[in-house]
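Source file: query_31.pdb. Holds: PDB, C-alpha atoms, pLDDT in the B column.
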```pdb
ATOM      1  CA  MET P   1      80.935  34.208  44.449  1.00 96.00           C
ATOM      2  CA  LEU P   2      83.893  36.197  45.789  1.00 97.00           C
ATOM      3  CA  LEU P   3      83.500  39.935  46.407  1.00 98.00           C
ATOM      4  CA  THR P   4      86.216  42.505  47.117  1.00 98.00           C
ATOM      5  CA  LEU P   5      86.395  45.752  49.062  1.00 98.00           C
ATOM      6  CA  ALA P   6      89.077  48.370  48.440  1.00 98.00           C
ATOM      7  CA  LEU P   7      89.365  51.874  49.890  1.00 98.00           C
ATOM      8  CA  PRO P   8      87.101  54.100  47.790  1.00 96.00           C
ATOM      9  CA  ARG P   9      87.888  57.724  46.957  1.00 94.00           C
ATOM     10  CA  ILE P  10      85.704  59.543  49.471  1.00 91.00           C
ATOM     11  CA  ASN P  11      86.789  63.081  48.570  1.00 85.00           C
ATOM     12  CA  GLU P  12      88.438  64.353  45.407  1.00 85.00           C
ATOM     13  CA  HIS P  13      91.408  65.709  47.421  1.00 83.00           C
ATOM     14  CA  MET P  14      92.054  62.672  49.621  1.00 87.00           C
ATOM     15  CA  THR P  15      95.066  60.451  49.144  1.00 88.00           C
ATOM     16  CA  THR P  16      94.823  58.253  52.249  1.00 93.00           C
ATOM     17  CA  ALA P  17      92.493  57.291  55.081  1.00 95.00           C
ATOM     18  CA  LYS P  18      93.325  56.035  58.569  1.00 96.00           C
ATOM     19  CA  VAL P  19      91.417  53.051  59.955  1.00 97.00           C
ATOM     20  CA  THR P  20      89.967  54.135  63.314  1.00 95.00           C
ATOM     21  CA  LYS P  21      87.715  51.163  64.094  1.00 96.00           C
ATOM     22  CA  VAL P  22      87.011  47.714  62.669  1.00 98.00           C
ATOM     23  CA  TYR P  23      83.639  46.159  63.547  1.00 98.00           C
ATOM     24  CA  VAL P  24      84.017  42.757  61.879  1.00 98.00           C
ATOM     25  CA  ALA P  25      86.200  39.652  62.080  1.00 98.00           C
ATOM     26  CA  GLU P  26      87.034  36.952  59.576  1.00 97.00           C
ATOM     27  CA  GLY P  27      84.241  34.396  59.387  1.00 96.00           C
ATOM     28  CA  ASP P  28      81.462  36.862  60.287  1.00 97.00           C
ATOM     29  CA  ALA P  29      78.200  36.491  58.349  1.00 97.00           C
ATOM     30  CA  LEU P  30      77.144  40.001  57.354  1.00 98.00           C
ATOM     31  CA  VAL P  31      73.836  41.484  56.272  1.00 98.00           C
ATOM     32  CA  PRO P  32      72.897  44.822  54.723  1.00 98.00           C
ATOM     33  CA  GLY P  33      73.511  47.588  57.240  1.00 97.00           C
ATOM     34  CA  ALA P  34      76.320  45.753  59.072  1.00 98.00           C
ATOM     35  CA  LYS P  35      79.090  48.167  60.075  1.00 98.00           C
ATOM     36  CA  LEU P  36      82.481  47.252  58.593  1.00 98.00           C
ATOM     37  CA  VAL P  37      84.982  49.993  59.375  1.00 98.00           C
ATOM     38  CA  ASP P  38      85.350  53.637  60.432  1.00 97.00           C
ATOM     39  CA  LEU P  39      87.858  55.858  58.639  1.00 96.00           C
ATOM     40  CA  ARG P  40      89.491  59.231  59.314  1.00 94.00           C
ATOM     41  CA  VAL P  41      90.270  61.356  56.261  1.00 92.00           C
ATOM     42  CA  ASP P  42      92.659  64.282  56.822  1.00 84.00           C
ATOM     43  CA  LEU P  43      92.872  66.827  53.986  1.00 79.00           C
ATOM     44  CA  SER P  44      95.285  69.206  55.731  1.00 73.00           C
ATOM     45  CA  ALA P  45      98.081  68.365  53.257  1.00 69.00           C
ATOM     46  CA  VAL P  46      95.886  69.707  50.441  1.00 67.00           C
ATOM     47  CA  LEU P  47      93.839  72.400  52.181  1.00 60.00           C
ATOM     48  CA  SER P  48      95.630  74.592  54.679  1.00 63.00           C
ATOM     49  CA  HIS P  49      93.476  75.814  57.594  1.00 60.00           C
ATOM     50  CA  ASP P  50      93.863  76.884  61.219  1.00 59.00           C
ATOM     51  CA  CYS P  51      91.906  73.764  62.083  1.00 61.00           C
ATOM     52  CA  PRO P  52      92.791  70.835  59.809  1.00 64.00           C
ATOM     53  CA  PRO P  53      89.930  69.560  57.672  1.00 78.00           C
ATOM     54  CA  VAL P  54      89.357  66.117  59.142  1.00 83.00           C
ATOM     55  CA  SER P  55      86.290  64.010  58.389  1.00 89.00           C
ATOM     56  CA  TYR P  56      85.112  60.638  59.678  1.00 93.00           C
ATOM     57  CA  TYR P  57      83.313  58.044  57.600  1.00 95.00           C
ATOM     58  CA  ARG P  58      81.770  54.627  58.116  1.00 97.00           C
ATOM     59  CA  ILE P  59      81.594  51.850  55.539  1.00 98.00           C
ATOM     60  CA  ALA P  60      78.567  49.549  55.897  1.00 98.00           C
ATOM     61  CA  MET P  61      77.405  46.515  53.921  1.00 98.00           C
ATOM     62  CA  ARG P  62      74.692  46.499  51.262  1.00 98.00           C
ATOM     63  CA  ASP P  63      75.186  42.818  50.365  1.00 97.00           C
ATOM     64  CA  VAL P  64      74.695  39.561  52.238  1.00 97.00           C
ATOM     65  CA  ALA P  65      78.144  37.951  52.467  1.00 98.00           C
ATOM     66  CA  ARG P  66      80.656  36.251  54.751  1.00 98.00           C
ATOM     67  CA  LEU P  67      83.924  38.009  55.569  1.00 98.00           C
ATOM     68  CA  ARG P  68      86.699  35.642  54.495  1.00 97.00           C
ATOM     69  CA  GLN P  69      89.838  37.809  54.671  1.00 97.00           C
ATOM     70  CA  LEU P  70      90.449  41.123  56.437  1.00 98.00           C
ATOM     71  CA  ALA P  71      93.507  43.061  55.280  1.00 98.00           C
ATOM     72  CA  ILE P  72      93.363  45.987  57.739  1.00 98.00           C
ATOM     73  CA  ALA P  73      93.628  46.824  61.444  1.00 98.00           C
ATOM     74  CA  PRO P  74      92.944  49.950  63.511  1.00 97.00           C
ATOM     75  CA  GLY P  75      95.701  52.494  62.980  1.00 97.00           C
ATOM     76  CA  ASP P  76      96.499  51.402  59.404  1.00 98.00           C
ATOM     77  CA  LEU P  77      96.972  54.201  56.867  1.00 97.00           C
ATOM     78  CA  LEU P  78      95.462  53.145  53.532  1.00 97.00           C
ATOM     79  CA  ALA P  79      95.979  54.547  50.054  1.00 95.00           C
ATOM     80  CA  ILE P  80      93.034  54.838  47.687  1.00 95.00           C
ATOM     81  CA  GLY P  81      92.384  51.423  46.169  1.00 97.00           C
ATOM     82  CA  ALA P  82      94.163  49.542  48.973  1.00 98.00           C
ATOM     83  CA  PRO P  83      92.533  46.174  49.696  1.00 98.00           C
ATOM     84  CA  ILE P  84      90.332  46.119  52.798  1.00 98.00           C
ATOM     85  CA  ALA P  85      88.553  42.765  52.661  1.00 98.00           C
ATOM     86  CA  LEU P  86      87.477  39.745  50.662  1.00 98.00           C
ATOM     87  CA  PHE P  87      83.962  38.312  51.021  1.00 98.00           C
ATOM     88  CA  SER P  88      82.091  35.288  49.705  1.00 97.00           C
ATOM     89  CA  THR P  89      78.413  34.675  49.161  1.00 96.00           C
ATOM     90  CA  GLU P  90      78.787  31.048  50.361  1.00 93.00           C
ATOM     91  CA  ALA P  91      80.439  30.093  53.679  1.00 88.00           C
ATOM     92  CA  GLU P  92      82.681  27.365  52.225  1.00 89.00           C
ATOM     93  CA  GLU P  93      83.386  28.952  48.854  1.00 91.00           C
ATOM     94  CA  PRO P  94      86.873  28.168  47.470  1.00 93.00           C
ATOM     95  CA  MET P  95      89.201  31.160  47.747  1.00 92.00           C
ATOM     96  CA  ASP P  96      91.184  30.420  44.575  1.00 92.00           C
ATOM     97  CA  ALA P  97      88.674  31.957  42.132  1.00 92.00           C
ATOM     98  CA  GLU P  98      88.868  35.509  40.836  1.00 94.00           C
ATOM     99  CA  PRO P  99      86.513  37.938  42.620  1.00 96.00           C
ATOM    100  CA  ALA P 100      83.336  38.506  40.610  1.00 96.00           C
ATOM    101  CA  ARG P 101      82.794  42.128  41.627  1.00 97.00           C
ATOM    102  CA  PRO P 102      83.199  44.669  44.419  1.00 98.00           C
ATOM    103  CA  VAL P 103      80.923  44.239  47.412  1.00 98.00           C
ATOM    104  CA  ARG P 104      78.128  46.802  47.578  1.00 98.00           C
ATOM    105  CA  ILE P 105      78.632  49.296  50.393  1.00 98.00           C
ATOM    106  CA  THR P 106      77.173  52.436  51.878  1.00 97.00           C
ATOM    107  CA  LEU P 107      79.541  55.232  52.818  1.00 95.00           C
ATOM    108  CA  ALA P 108      78.320  57.677  55.469  1.00 95.00           C
ATOM    109  CA  GLY P 109      79.874  60.700  57.129  1.00 91.00           C
ATOM    110  CA  ILE P 110      79.808  60.291  60.912  1.00 92.00           C
ATOM    111  CA  VAL P 111      80.411  62.484  63.954  1.00 87.00           C
ATOM    112  CA  PRO P 112      83.882  61.905  65.409  1.00 76.00           C
ATOM    113  CA  PRO P 113      84.000  59.501  68.338  1.00 66.00           C
ATOM    114  CA  ASP P 114      83.805  60.931  71.867  1.00 67.00           C
ATOM    115  CA  GLU P 115      87.436  60.100  72.588  1.00 60.00           C
ATOM    116  CA  TRP P 116      88.480  62.443  69.748  1.00 58.00           C
ATOM    117  CA  TRP P 117      86.755  65.363  71.462  1.00 57.00           C
ATOM    118  CA  GLU P 118      88.142  64.412  74.877  1.00 59.00           C
ATOM    119  CA  GLY P 119      91.687  64.073  73.545  1.00 56.00           C
ATOM    120  CA  ASN P 120      91.559  67.430  71.766  1.00 56.00           C
ATOM    121  CA  ALA P 121      89.779  69.536  74.404  1.00 53.00           C
ATOM    122  CA  ARG P 122      91.676  72.619  75.501  1.00 46.00           C
TER     123      ARG P 122
END
```
Show me the file's structure as structure tokens.
Amino acid sequence: MLLTLALPRINEHMTTAKVTKVYVAEGDALVPGAKLVDLRVDLSAVLSHDCPPVSYYRIAMRDVARLRQLAIAPGDLLAIGAPIALFSTEAEEPMDAEPARPVRITLAGIVPPDEWWEGNAR
């Protein structure tokens, strides 16, 4: 069975998310809890502040699947609904079928990486 992953709406005001880290590669066998990608969501275009409202999130697996196609790379700016990846439940599954459903994921807010703090220290 083929499963899809597209950028979910994380916040009602978000329009895009930037890929900050990718943990997987095509062909990887993934289990529940496997880290997929870290995202940076910047809401400064919607909410004006002295310090821009930036949040970091991680997408992790809740299904057992094999990553067949990865459509993103670190630094990519994604719109809501943009394709991220295609998975299959069998290693040699044909890729010409229609995806059966979205892959099940967990979305978690995370503390920004250390290099963010180091790069923004004053």
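Between atom CA of Pro32 of chain P and atom CA of Lys18 of chain P lies a distance of 23.6 Å.
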Which neighbours of segment 74-85 of chain P fall inside 7 Å, counting all atoms listed in the file, when residues of the same chain fewer than 2 positions from it are skipped, and could you give them as a PyMOL selection string? chain P and resi 4-9+15-22+69-72+87
Evaluate the PyMOL selection byres ((chain P and resi 100) around 8) here and jot the selected residues down as number ranges by chain. P: 1-3, 98-99, 101-102
Rounded to one decimal in Å, what is the spacing between atom CA of Asp38 of chain P and atom CA of Met61 of chain P? 12.5 Å
Closest of P:Asp63, P:Glu92, P:Leu86, P:Val54 to Val111 of chain P - atom-to-atom distances counting all atoms listed in the file: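 The answer is P:Val54, which sits nearest to Val111 of chain P.
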Return as a list in words the set of residues that the PyMOL selection byres ((chain P and resi 42) around 7) yields on the displayed structure.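 Evaluating the PyMOL selection byres ((chain P and resi 42) around 7) on this file yields Arg40, Val41, Leu43, Ser44, Pro53, Val54 and Ser55 of chain P.
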Give me, as JSON, numbers by chain, all polymer residues having an atom no more than 9 Å from Arg68 of chain P, counting only C-alpha atoms and skipping those fewer than 6 positions away in the same chain. {"P": [25, 26, 27, 28, 85, 86, 87, 88, 91, 95]}
Using only C-alpha atoms, which residue out of P:Arg104, P:Met14, P:Tyr56, P:Glu93 lies closest to Gly33 of chain P?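 Distance minimum relative to Gly33 of chain P lands on P:Arg104.
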What separation in Å, quoted to one decimal, exists between atom CA of Asn11 of chain P and atom CA of Arg66 of chain P?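 Atom-to-atom, atom CA of Asn11 of chain P to atom CA of Arg66 of chain P, that is 28.2 Å.
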Identify which of the residues P:Leu30, P:Ile10, P:Leu107, P:Ala73 lies closest to Ile59 of chain P, counting only C-alpha atoms when measuring atom-to-atom distances. P:Leu107
